[in-house]
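Source file final18.cif; content: mmCIF, C-alpha atoms and all ligand atoms.
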```cif
data_final
loop_
_atom_site.label_atom_id
_atom_site.label_comp_id
_atom_site.auth_asym_id
_atom_site.auth_seq_id
_atom_site.Cartn_x
_atom_site.Cartn_y
_atom_site.Cartn_z
CA MET A 1183 -2.06 11.77 9.93
CA THR A 1184 -5.28 13.63 10.43
CA THR A 1185 -6.54 15.71 7.57
CA THR A 1186 -9.68 17.70 7.24
CA ALA A 1187 -11.66 18.81 4.23
CA PRO A 1188 -9.98 21.54 2.18
CA ASP A 1189 -10.72 25.25 2.50
CA ASP A 1190 -13.20 26.56 0.02
CA GLY A 1191 -10.82 27.74 -2.76
CA GLY A 1192 -11.04 31.16 -4.35
CA PRO A 1193 -8.33 33.49 -5.60
CA ALA A 1194 -7.37 34.54 -2.09
CA PHE A 1195 -6.47 30.97 -1.23
CA ARG A 1196 -3.66 30.10 -3.55
CA CYS A 1197 -0.38 28.31 -3.03
CA ALA A 1198 2.77 30.17 -4.14
CA CYS A 1199 2.77 27.86 -7.18
CA GLY A 1200 -0.63 29.22 -8.25
CA ALA A 1201 -2.66 26.11 -7.51
CA ALA A 1202 -5.68 26.25 -5.22
CA ALA A 1203 -4.63 25.93 -1.59
CA VAL A 1204 -5.97 23.18 0.63
CA ARG A 1205 -4.09 23.97 3.84
CA LYS A 1206 -2.85 26.94 5.77
CA GLN A 1207 0.53 26.66 7.43
CA GLY A 1208 1.56 29.73 9.43
CA ASN A 1209 0.83 32.55 7.00
CA GLN A 1210 1.46 30.30 3.99
CA ARG A 1211 -1.23 28.71 1.89
CA LEU A 1212 -0.32 25.37 0.37
CA CYS A 1213 -1.76 23.34 -2.46
CA ALA A 1214 -2.22 19.56 -1.94
CA ARG A 1215 1.04 18.80 -3.72
CA HIS A 1216 3.14 21.22 -1.71
CA TYR A 1217 1.42 20.40 1.55
CA ARG A 1218 2.17 16.71 0.93
CA PHE A 1219 5.81 17.51 0.09
CA GLY A 1220 6.06 19.30 3.43
CA GLN A 1221 4.69 16.22 5.17
CA MET A 1222 7.17 13.96 3.37
CA ARG A 1223 10.06 16.20 4.32
CA SER A 1224 9.17 16.46 7.98
CA ARG A 1225 8.50 12.72 8.15
CA ALA A 1226 11.97 12.02 6.67
CA GLN A 1227 13.52 14.41 9.14
CA ARG A 1228 11.70 12.80 12.04
CA ASP A 1229 12.86 9.34 10.91
CA GLY A 1230 16.45 10.52 10.61
CA LYS A 1231 16.44 9.93 6.86
CA PHE A 1232 17.68 12.08 4.00
CA VAL A 1233 15.41 15.11 3.49
CA PRO A 1234 15.04 15.88 -0.21
CA ALA A 1235 14.44 19.42 -1.52
CA ARG A 1236 11.01 20.31 -2.88
CA GLU A 1237 12.43 20.37 -6.41
CA GLN A 1238 13.65 16.82 -6.00
CA LEU A 1239 10.21 15.72 -4.87
CA GLU A 1240 8.67 17.56 -7.84
CA ALA A 1241 10.81 15.45 -10.18
CA LEU A 1242 9.95 12.21 -8.37
CA LEU A 1243 6.19 12.66 -8.27
CA HIS A 1244 4.17 11.02 -11.04
CA ASP A 1245 0.44 10.39 -11.17
CA ALA A 1246 0.95 6.64 -11.14
CA CYS A 1247 2.95 4.65 -8.62
CA PRO A 1248 6.14 3.54 -10.41
CA ASP A 1249 5.99 0.16 -8.69
CA CYS A 1250 2.41 -0.99 -9.18
CA GLY A 1251 0.91 1.57 -11.55
CA VAL A 1252 -2.07 2.68 -9.45
CA VAL A 1253 -3.03 6.34 -9.67
CA MET A 1254 -1.95 7.84 -6.37
CA ASN A 1255 -3.71 10.48 -4.34
CA LEU A 1256 -1.69 13.13 -2.61
CA LEU A 1257 -3.72 13.36 0.54
CA SER A 1258 -5.19 10.37 2.32
CA TYR A 1259 -8.71 11.83 2.34
CA GLU A 1260 -8.67 12.24 -1.44
CA GLY A 1261 -9.05 8.52 -1.98
CA GLU A 1262 -8.00 5.20 -0.62
CA ARG A 1263 -5.41 5.54 2.12
CA GLU A 1264 -3.34 2.73 0.58
CA ARG A 1265 -2.89 4.82 -2.54
CA THR A 1266 -1.51 7.86 -0.83
CA ALA A 1267 1.77 9.03 -2.36
CA THR A 1268 4.66 8.36 0.02
CA LEU A 1269 8.37 8.97 -0.11
CA GLN A 1270 10.37 5.76 -0.40
CA HIS A 1271 14.00 5.75 0.73
CA TYR A 1272 15.72 2.80 -0.89
CA ARG A 1273 18.56 1.29 1.03
CA ASP A 1274 21.05 2.27 -1.67
CA GLY A 1275 20.20 5.93 -0.98
CA THR A 1276 17.97 6.57 -4.00
CA LEU A 1277 14.43 7.84 -3.66
CA ALA A 1278 11.04 7.35 -5.26
CA ILE A 1279 7.48 8.41 -4.58
CA VAL A 1280 5.38 5.25 -4.43
CA CYS A 1281 1.94 4.40 -3.10
CA LEU A 1282 1.61 3.58 0.61
CA SER A 1283 0.81 -0.03 -0.21
CA CYS A 1284 4.08 -0.53 -2.15
CA ASN A 1285 5.99 1.37 0.50
CA ALA A 1286 4.71 -0.97 3.21
CA ARG A 1287 5.41 -4.04 1.11
CA HIS A 1288 8.94 -2.89 0.47
CA ALA A 1289 9.53 -2.47 4.19
CA SER A 1290 8.70 -6.14 4.79
CA MET A 1291 11.33 -7.37 2.33
CA PRO A 1292 14.99 -7.93 3.05
CA GLY A 1293 17.50 -5.50 1.57
CA ASP A 1294 16.55 -3.93 -1.72
CA THR A 1295 15.34 -7.19 -3.23
CA TYR A 1296 12.05 -5.45 -3.96
CA ARG A 1297 13.69 -3.31 -6.62
CA ASP A 1298 15.25 -6.27 -8.41
CA MET A 1299 11.95 -8.09 -8.51
CA PRO A 1300 10.38 -8.36 -11.99
CA LYS A 1301 7.28 -6.13 -12.36
CA ASP A 1302 5.00 -9.15 -12.68
CA HIS A 1303 6.23 -10.68 -9.43
CA LYS A 1304 5.07 -10.14 -5.91
CA TRP A 1305 6.76 -10.89 -2.61
CA CYS A 1306 5.10 -13.46 -0.37
CA PRO A 1307 5.98 -12.54 3.23
CA HIS A 1308 5.12 -16.05 4.43
CA CYS A 1309 7.54 -18.15 2.34
CA GLU A 1310 9.73 -15.07 1.76
CA THR A 1311 9.92 -15.62 -1.96
CA ALA A 1312 9.20 -13.41 -4.97
CA LYS A 1313 6.68 -15.23 -7.11
CA PRO A 1314 4.90 -14.44 -10.38
CA PHE A 1315 1.40 -12.89 -10.12
CA ALA A 1316 -0.06 -16.17 -11.40
CA ASP A 1317 0.97 -17.79 -8.13
CA TYR A 1318 -1.42 -15.55 -6.19
CA ALA A 1319 -5.17 -15.76 -5.94
CA ALA A 1320 -7.03 -12.57 -6.81
CA ASP A 1321 -9.72 -11.05 -4.71
CA ASN A 1322 -12.24 -8.25 -5.05
CA GLY A 1323 -11.16 -5.83 -2.32
CA ARG A 1324 -13.39 -3.33 -0.55
CA SER A 1325 -12.92 -0.94 -3.45
CA GLY A 1326 -14.22 -3.53 -5.91
CA GLN A 1327 -10.81 -3.41 -7.58
CA MET A 1328 -9.12 -6.77 -8.25
CA LYS A 1329 -6.29 -7.28 -5.84
CA LEU A 1330 -3.86 -10.09 -5.29
CA LYS A 1331 -3.86 -11.86 -1.94
CA SER A 1332 -0.84 -11.08 0.18
CA TRP A 1333 0.21 -14.72 0.54
CA CYS A 1334 0.94 -16.91 -2.47
CA LYS A 1335 -1.48 -19.72 -3.33
CA ARG A 1336 0.75 -22.36 -1.81
CA CYS A 1337 1.06 -20.54 1.53
CA SER A 1338 -2.63 -19.69 1.56
CA SER A 1339 -3.60 -23.29 0.92
CA ALA A 1340 -1.01 -24.59 3.38
CA ALA A 1341 -2.52 -22.28 5.99
CA HIS A 1342 -5.98 -23.46 4.99
CA THR A 1343 -4.97 -27.12 5.27
CA GLU A 1344 -3.47 -26.45 8.68
CA TRP A 1345 -6.69 -24.72 9.74
CA GLN A 1346 -8.68 -27.68 8.41
CA ARG A 1347 -6.52 -30.11 10.33
CA LYS A 1348 -7.06 -28.18 13.54
CA ASN A 1349 -10.73 -27.92 12.91
CA ARG A 1350 -11.10 -31.39 11.45
CA GLU A 1351 -13.85 -32.44 13.79
CA GLN A 1352 -15.84 -29.30 13.32
CA TYR A 1353 -15.23 -29.52 9.59
CA ASN A 1354 -16.36 -33.13 9.37
CA ALA A 1355 -19.45 -32.39 11.43
CA LYS A 1356 -20.35 -29.61 9.03
CA GLN A 1357 -19.83 -31.90 6.05
CA ARG A 1358 -22.05 -34.58 7.63
CA GLU A 1359 -24.68 -31.99 8.45
CA GLY A 1360 -24.62 -30.74 4.87
CA ARG A 1361 -24.93 -34.27 3.49
CA ALA A 1362 -27.81 -35.03 5.83
CA ARG A 1363 -29.55 -31.84 4.80
CA ARG A 1364 -29.13 -32.60 1.13
CA ALA A 1365 -30.36 -36.18 1.63
CA ALA A 1366 -33.43 -34.91 3.50
CA GLY A 1367 -34.03 -32.06 1.08
ZN ZN A 1401 1.72 24.55 -4.63
ZN ZN A 1402 2.23 1.16 -5.70
ZN ZN A 1403 4.25 -18.00 -0.04
#
```
Give the structure from the file, written as structure tokens.
Ligand SMILES: [Zn+2]
Ligand SMILES: [Zn+2]
Ligand SMILES: [Zn+2]
Amino acid sequence: MTTTAPDDGGPAFRCACGAAAVRKQGNQRLCARHYRFGQMRSRAQRDGKFVPAREQLEALLHDACPDCGVVMNLLSYEGERERTATLQHYRDGTLAIVCLSCNARHASMPGDTYRDMPKDHKWCPHCETAKPFADYAADNGRSGQMKLKSWCKRCSSAAHTEWQRKNREQYNAKQREGRARRAAG
């Protein structure tokens, strides 16, 4: 999805809903919300999924992602791409507008297990288990916002141990080097 900076607003550039327009489509001016709805609808159509009416999307859209609670942006250039509002088709036929990050995570889980998962749990794609947040290490992401690692602590440390085993020699050499340096220092 390529987006460019919005038109300079002004009364001549208004969406039918009255909000300032950010895009021109044919002879229609669209606000961010209605432009995004159009994108969601054409994406659903392209994917062969149910295409909801604008009014339905209106009712589904909230400022915060219903799954993780982050404030979503409508257009990817308005903020972090991962927080862009996206249309989620659940496998039972219901719909929600969730952030791109939750949408992607849902796609990696079997069936609709994601929906039944308690809010303080997160799916680990490595051991394929829903685990409480406490089982994940946190990390300061690029945004400076605390984020949980995608793999649970056990999988992360198992992967680390495996990496250590493979790199045992290199690892030991580094340890020896460090000890020697400290002894000399
Ligand atoms: Zn509008
Ligand atoms: Zn979310
Ligand atoms: Zn795991």
Next item on the list: Do a neighbour search on region 1282-1290 of chain A at 7 Å with all atoms listed in the file, toss out local chain neighbours closer than 6 positions, and write the hits as a list in words.
Entry: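 Skipping anything fewer than 6 positions along the chain leaves Asp1249, Glu1264, Arg1265, Thr1266, Ala1267, Thr1268, Gln1270 and Tyr1296 of chain A.
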Next item on the list: Give the residues close to ligand ZN 1403 (chain A), within 7 Å, counting all atoms listed in the file; write them as a PyMOL selection string.
Entry: chain A and resi 1306-1311+1333-1337
Just-selected residues, C-alpha atoms written as a compact mmCIF listing (two decimals), in the frame of the given file:
```
# COMPACT_ATOMS: atom_id res chain seq x y z
CA CYS A 1306 5.10 -13.46 -0.37
CA PRO A 1307 5.98 -12.54 3.23
CA HIS A 1308 5.12 -16.05 4.43
CA CYS A 1309 7.54 -18.15 2.34
CA GLU A 1310 9.73 -15.07 1.76
CA THR A 1311 9.92 -15.62 -1.96
CA TRP A 1333 0.21 -14.72 0.54
CA CYS A 1334 0.94 -16.91 -2.47
CA LYS A 1335 -1.48 -19.72 -3.33
CA ARG A 1336 0.75 -22.36 -1.81
CA CYS A 1337 1.06 -20.54 1.53
```
Can I get the residues of chain A within 7 Å of ligand ZN 1401 (chain A), each with the closest pair of atoms and their distance in Å to one decimal, using all atoms listed in the file, sorted chain first then ascending number, as a tab-separated table?
```
residue	atom	partner	partner_atom	distance
A:Cys1197	CA	A:ZN1401	ZN	4.6
A:Ala1198	CA	A:ZN1401	ZN	5.7
A:Cys1199	CA	A:ZN1401	ZN	4.3
A:Gly1200	CA	A:ZN1401	ZN	6.4
A:Ala1201	CA	A:ZN1401	ZN	5.5
A:Leu1212	CA	A:ZN1401	ZN	5.5
A:Cys1213	CA	A:ZN1401	ZN	4.3
A:Ala1214	CA	A:ZN1401	ZN	6.9
A:Arg1215	CA	A:ZN1401	ZN	5.9
A:His1216	CA	A:ZN1401	ZN	4.7
```
Next item on the list: Would you mind telling me which residue in A:Arg1228, A:Arg1236, A:Lys1329, A:Arg1363 lies nearest to ligand ZN 1402 (chain A) when using only C-alpha atoms and all ligand atoms?
Entry: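 The answer is A:Lys1329, which sits nearest to ligand ZN 1402 (chain A).
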Margin query: Just checking: using only C-alpha atoms and all ligand atoms, which residue out of A:Ser1224, A:Arg1218, A:Tyr1259, A:Leu1269 ends up closest to ligand ZN 1402 (chain A)?
Written below: A:Leu1269
Next item on the list: For CA of Gln1207 (chain A) and CA of Gly1220 (chain A), quote the distance in Å rounded to one decimal.
Entry: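 Between CA of Gln1207 (chain A) and CA of Gly1220 (chain A) the gap is 10.0 Å.
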Item checked: Coordinates-based distance that separates CA of Arg1223 (chain A) from CA of Leu1243 (chain A) (Å, one decimal) ->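 We find that CA of Leu1243 (chain A) and CA of Arg1223 (chain A) lie 13.6 Å from each other.
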Item checked: Pick from A:Ala1362, A:Ala1278, A:Ala1202, A:Leu1330, whichever lies nearest to Gln1238 (chain A) using all atoms listed in the file -> A:Ala1278
Checklist line | Separation of CA of Ser1332 (chain A) from CA of Asn1354 (chain A), in Å and rounded to one decimal | finding: 28.5 Å
Check: From the set A:Asn1255, A:Thr1343, A:Gln1227, A:Asn1209, which residue has the shortest atom-to-atom contact distance to ligand ZN 1402 (chain A), counting all atoms listed in the file?
Finding: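 When distances to ligand ZN 1402 (chain A) are compared using all atoms listed in the file, the smallest one comes from A:Asn1255.
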Item checked: Counting only C-alpha atoms, the residue of A:Cys1247, A:Cys1281, A:Arg1196, A:Asp1321 that sits nearest Arg1263 (chain A) -> A:Cys1281
Margin query: Can you tell me which residues surround Ala1241 (chain A) at a distance of at most 12 Å, considering all atoms listed in the file, apart from same-chain residues fewer than 3 positions away, and format the answer as a list of chain:residue names?
Written below: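 Listing them by chain and then by number gives A:Phe1219, A:Pro1234, A:Ala1235, A:Arg1236, A:Glu1237, A:Gln1238, A:His1244, A:Asp1245, A:Leu1277, A:Ala1278, A:Ile1279.
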Notebook entry, point to check: Pick the closest to ligand ZN 1402 (chain A) from A:Lys1231, A:His1342, A:Lys1301, A:Arg1361: which is it, counting all atoms listed in the file?
Noted result: A:Lys1301
